[in-house]
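I have placed the structure first, in the form of C-alpha cells, so that the comments after it can refer back to it.
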Amino acid sequence: ISQTTLCTFELSDICGYKNDPAADFNWLQGNGSSSTTQTGPQFDNSLGTPEGKFMYIYAKDQKKSEIARLISPSQPKTVGSCIHFYLHC
C-alpha cells in the first residue's frame, strides 16, 4: 500500500490483509450493527454509514486463550505514513 493509498476495508480483498491460518479463529468483514444485541458498531469509521465495512471478530464462543490474527501485507518504509485502527468496545 503506497503512502497515498487509503484502505477502508470496503472491498472483499480487504486491502491484502489475510487471516492467519495458524490462528484459532478468523476476522470477519461486516457492516451495520451486529446480530448480537449491544455488540459491535452501528456504522464504520470510514464512511460513517451502516453500509460501510469494518473488520471484527465474533468471540462469544471463543476461549480467552484463543487468538484471531489478521496479517497485513508488507508495507514499504516511508516518511510520514501512518496506519490507524479504530477499536469498538
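Quick note on naming: the chains in the C-alpha cells go A, B, ... in the order shown, residues restart at 1 in each chain, and ligands are numbered from 1 in order of appearance.
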Please identify every residue of region 41-63 of chain A that has at least one atom no farther than 7 Å from an atom of region 28-32 of chain A, counting only C-alpha atoms, and for each give the shortest atom pair and the distance in Å to one decimal, arranged by chain then increasing number, as a tab-separated table.
residue	atom	partner	partner_atom	distance
A:Gln42	CA	A:Gly32	CA	5.0
A:Phe43	CA	A:Gly32	CA	5.3
A:Pro50	CA	A:Gly32	CA	4.2
A:Glu51	CA	A:Asn31	CA	5.7
A:Gly52	CA	A:Asn31	CA	5.7
A:Lys53	CA	A:Asn31	CA	4.6
A:Phe54	CA	A:Gly30	CA	5.5
A:Met55	CA	A:Gln29	CA	4.6
A:Tyr56	CA	A:Leu28	CA	5.3
A:Ile57	CA	A:Leu28	CA	6.0
Save the residues we just selected, all heavy atoms, as a short mmCIF file (atom, residue, chain, number, x, y, z; two decimals), in the first residue's frame?
data_model
loop_
_atom_site.label_atom_id
_atom_site.label_comp_id
_atom_site.auth_asym_id
_atom_site.auth_seq_id
_atom_site.Cartn_x
_atom_site.Cartn_y
_atom_site.Cartn_z
N GLN A 42 -22.54 0.46 15.02
CA GLN A 42 -23.70 0.55 14.12
C GLN A 42 -23.28 1.04 12.74
O GLN A 42 -24.05 0.94 11.79
CB GLN A 42 -24.75 1.47 14.73
CG GLN A 42 -25.34 0.90 16.00
CD GLN A 42 -26.40 1.79 16.60
OE1 GLN A 42 -26.65 2.89 16.12
NE2 GLN A 42 -27.01 1.33 17.66
N PHE A 43 -22.06 1.60 12.65
CA PHE A 43 -21.53 2.07 11.37
C PHE A 43 -20.01 2.07 11.45
O PHE A 43 -19.45 1.95 12.53
CB PHE A 43 -22.07 3.46 11.02
CG PHE A 43 -21.89 4.47 12.12
CD1 PHE A 43 -20.71 5.18 12.24
CD2 PHE A 43 -22.90 4.70 13.04
CE1 PHE A 43 -20.54 6.10 13.26
CE2 PHE A 43 -22.73 5.62 14.06
CZ PHE A 43 -21.56 6.32 14.17
N PRO A 50 -24.17 2.82 7.93
CA PRO A 50 -24.35 1.38 8.18
C PRO A 50 -23.86 0.51 7.01
O PRO A 50 -23.62 -0.68 7.19
CB PRO A 50 -25.86 1.24 8.37
CG PRO A 50 -26.34 2.59 8.77
CD PRO A 50 -25.43 3.55 8.05
N GLU A 51 -23.71 1.09 5.82
CA GLU A 51 -23.23 0.33 4.67
C GLU A 51 -21.71 0.18 4.64
O GLU A 51 -21.17 -0.67 3.96
CB GLU A 51 -23.68 0.98 3.36
CG GLU A 51 -25.18 0.93 3.12
CD GLU A 51 -25.96 1.95 3.92
OE1 GLU A 51 -25.39 3.02 4.27
OE2 GLU A 51 -27.12 1.68 4.25
N GLY A 52 -21.00 1.02 5.38
CA GLY A 52 -19.55 0.97 5.43
C GLY A 52 -19.05 -0.31 6.07
O GLY A 52 -19.66 -0.83 7.01
N LYS A 53 -17.94 -0.82 5.57
CA LYS A 53 -17.40 -2.10 6.04
C LYS A 53 -16.36 -1.92 7.15
O LYS A 53 -15.70 -0.89 7.24
CB LYS A 53 -16.75 -2.85 4.87
CG LYS A 53 -17.66 -3.13 3.70
CD LYS A 53 -18.51 -4.33 3.98
CE LYS A 53 -19.18 -4.94 2.78
NZ LYS A 53 -19.96 -4.13 1.94
N PHE A 54 -16.22 -2.95 7.96
CA PHE A 54 -15.21 -2.99 9.00
C PHE A 54 -14.86 -4.45 9.28
O PHE A 54 -15.56 -5.36 8.86
CB PHE A 54 -15.69 -2.30 10.29
CG PHE A 54 -17.01 -2.80 10.79
CD1 PHE A 54 -17.10 -3.94 11.59
CD2 PHE A 54 -18.19 -2.14 10.47
CE1 PHE A 54 -18.31 -4.41 12.05
CE2 PHE A 54 -19.42 -2.60 10.93
CZ PHE A 54 -19.48 -3.73 11.72
N MET A 55 -13.76 -4.66 9.97
CA MET A 55 -13.32 -5.99 10.34
C MET A 55 -13.66 -6.21 11.82
O MET A 55 -13.54 -5.30 12.63
CB MET A 55 -11.82 -6.16 10.12
CG MET A 55 -11.37 -5.96 8.68
SD MET A 55 -12.18 -7.03 7.48
CE MET A 55 -11.57 -8.64 7.99
N TYR A 56 -14.10 -7.44 12.14
CA TYR A 56 -14.44 -7.75 13.52
C TYR A 56 -14.20 -9.23 13.80
O TYR A 56 -14.01 -10.02 12.89
CB TYR A 56 -15.90 -7.39 13.80
CG TYR A 56 -16.91 -8.33 13.15
CD1 TYR A 56 -17.50 -9.35 13.88
CD2 TYR A 56 -17.26 -8.18 11.81
CE1 TYR A 56 -18.40 -10.22 13.29
CE2 TYR A 56 -18.18 -9.03 11.21
CZ TYR A 56 -18.74 -10.06 11.97
OH TYR A 56 -19.64 -10.91 11.38
N ILE A 57 -14.20 -9.55 15.07
CA ILE A 57 -14.14 -10.95 15.47
C ILE A 57 -15.41 -11.26 16.26
O ILE A 57 -15.93 -10.42 17.00
CB ILE A 57 -12.90 -11.29 16.32
CG1 ILE A 57 -12.77 -10.38 17.53
CG2 ILE A 57 -11.64 -11.22 15.47
CD1 ILE A 57 -11.69 -10.79 18.50
#
At a cut-off of 8 Å, using only C-alpha atoms, what residues contact Asn19 (chain A)? Leave out same-chain residues fewer than 4 positions from it and give the result as an NGL selection string. :A and (23 or 26-27 or 68-71)
Would you return as number ranges by chain the members of chain A that DSSP assigns to strand (DSSP E or B) on this structure's backbone? A: 18-19, 28-31, 53-56, 70-71
Dump as a tab-separated table (two decimals), in the first residue's frame, selection limited to N, CA, C and O atoms:
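And here is the file that came out, selection36.tsv:
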chain	number	residue	atom	x	y	z
A	18	LYS	N	-4.82	-10.73	5.40
A	18	LYS	CA	-5.19	-12.15	5.37
A	18	LYS	C	-5.36	-12.67	6.79
A	18	LYS	O	-4.62	-12.27	7.70
A	19	ASN	N	-6.30	-13.57	6.96
A	19	ASN	CA	-6.41	-14.27	8.23
A	19	ASN	C	-5.23	-15.22	8.37
A	19	ASN	O	-4.84	-15.87	7.40
A	28	LEU	N	-13.63	-11.28	10.49
A	28	LEU	CA	-14.71	-11.27	9.50
A	28	LEU	C	-14.93	-9.84	9.02
A	28	LEU	O	-14.69	-8.88	9.76
A	29	GLN	N	-15.41	-9.70	7.80
A	29	GLN	CA	-15.76	-8.38	7.27
A	29	GLN	C	-17.25	-8.19	7.47
A	29	GLN	O	-18.05	-9.06	7.13
A	30	GLY	N	-17.61	-7.07	8.04
A	30	GLY	CA	-19.03	-6.82	8.30
A	30	GLY	C	-19.42	-5.39	8.03
A	30	GLY	O	-18.59	-4.55	7.69
A	31	ASN	N	-20.69	-5.12	8.18
A	31	ASN	CA	-21.22	-3.76	8.09
A	31	ASN	C	-22.52	-3.72	8.88
A	31	ASN	O	-23.14	-4.74	9.15
A	53	LYS	N	-17.94	-0.82	5.57
A	53	LYS	CA	-17.40	-2.10	6.04
A	53	LYS	C	-16.36	-1.92	7.15
A	53	LYS	O	-15.70	-0.89	7.24
A	54	PHE	N	-16.22	-2.95	7.96
A	54	PHE	CA	-15.21	-2.99	9.00
A	54	PHE	C	-14.86	-4.45	9.28
A	54	PHE	O	-15.56	-5.36	8.86
A	55	MET	N	-13.76	-4.66	9.97
A	55	MET	CA	-13.32	-5.99	10.34
A	55	MET	C	-13.66	-6.21	11.82
A	55	MET	O	-13.54	-5.30	12.63
A	56	TYR	N	-14.10	-7.44	12.14
A	56	TYR	CA	-14.44	-7.75	13.52
A	56	TYR	C	-14.20	-9.23	13.80
A	56	TYR	O	-14.01	-10.02	12.89
A	70	LEU	N	-5.00	-11.07	12.10
A	70	LEU	CA	-5.11	-10.54	10.75
A	70	LEU	C	-3.72	-10.06	10.34
A	70	LEU	O	-3.13	-9.22	11.02
A	71	ILE	N	-3.19	-10.61	9.27
A	71	ILE	CA	-1.83	-10.30	8.82
A	71	ILE	C	-1.89	-9.25	7.72
A	71	ILE	O	-2.61	-9.42	6.73
Minimum-distance residue to Asp20 (chain A), chosen among A:Ile83, A:Ser72, A:Ser46, A:Lys77 (using only C-alpha atoms):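 Using only C-alpha atoms, the shortest distance to Asp20 (chain A) belongs to A:Ser72.
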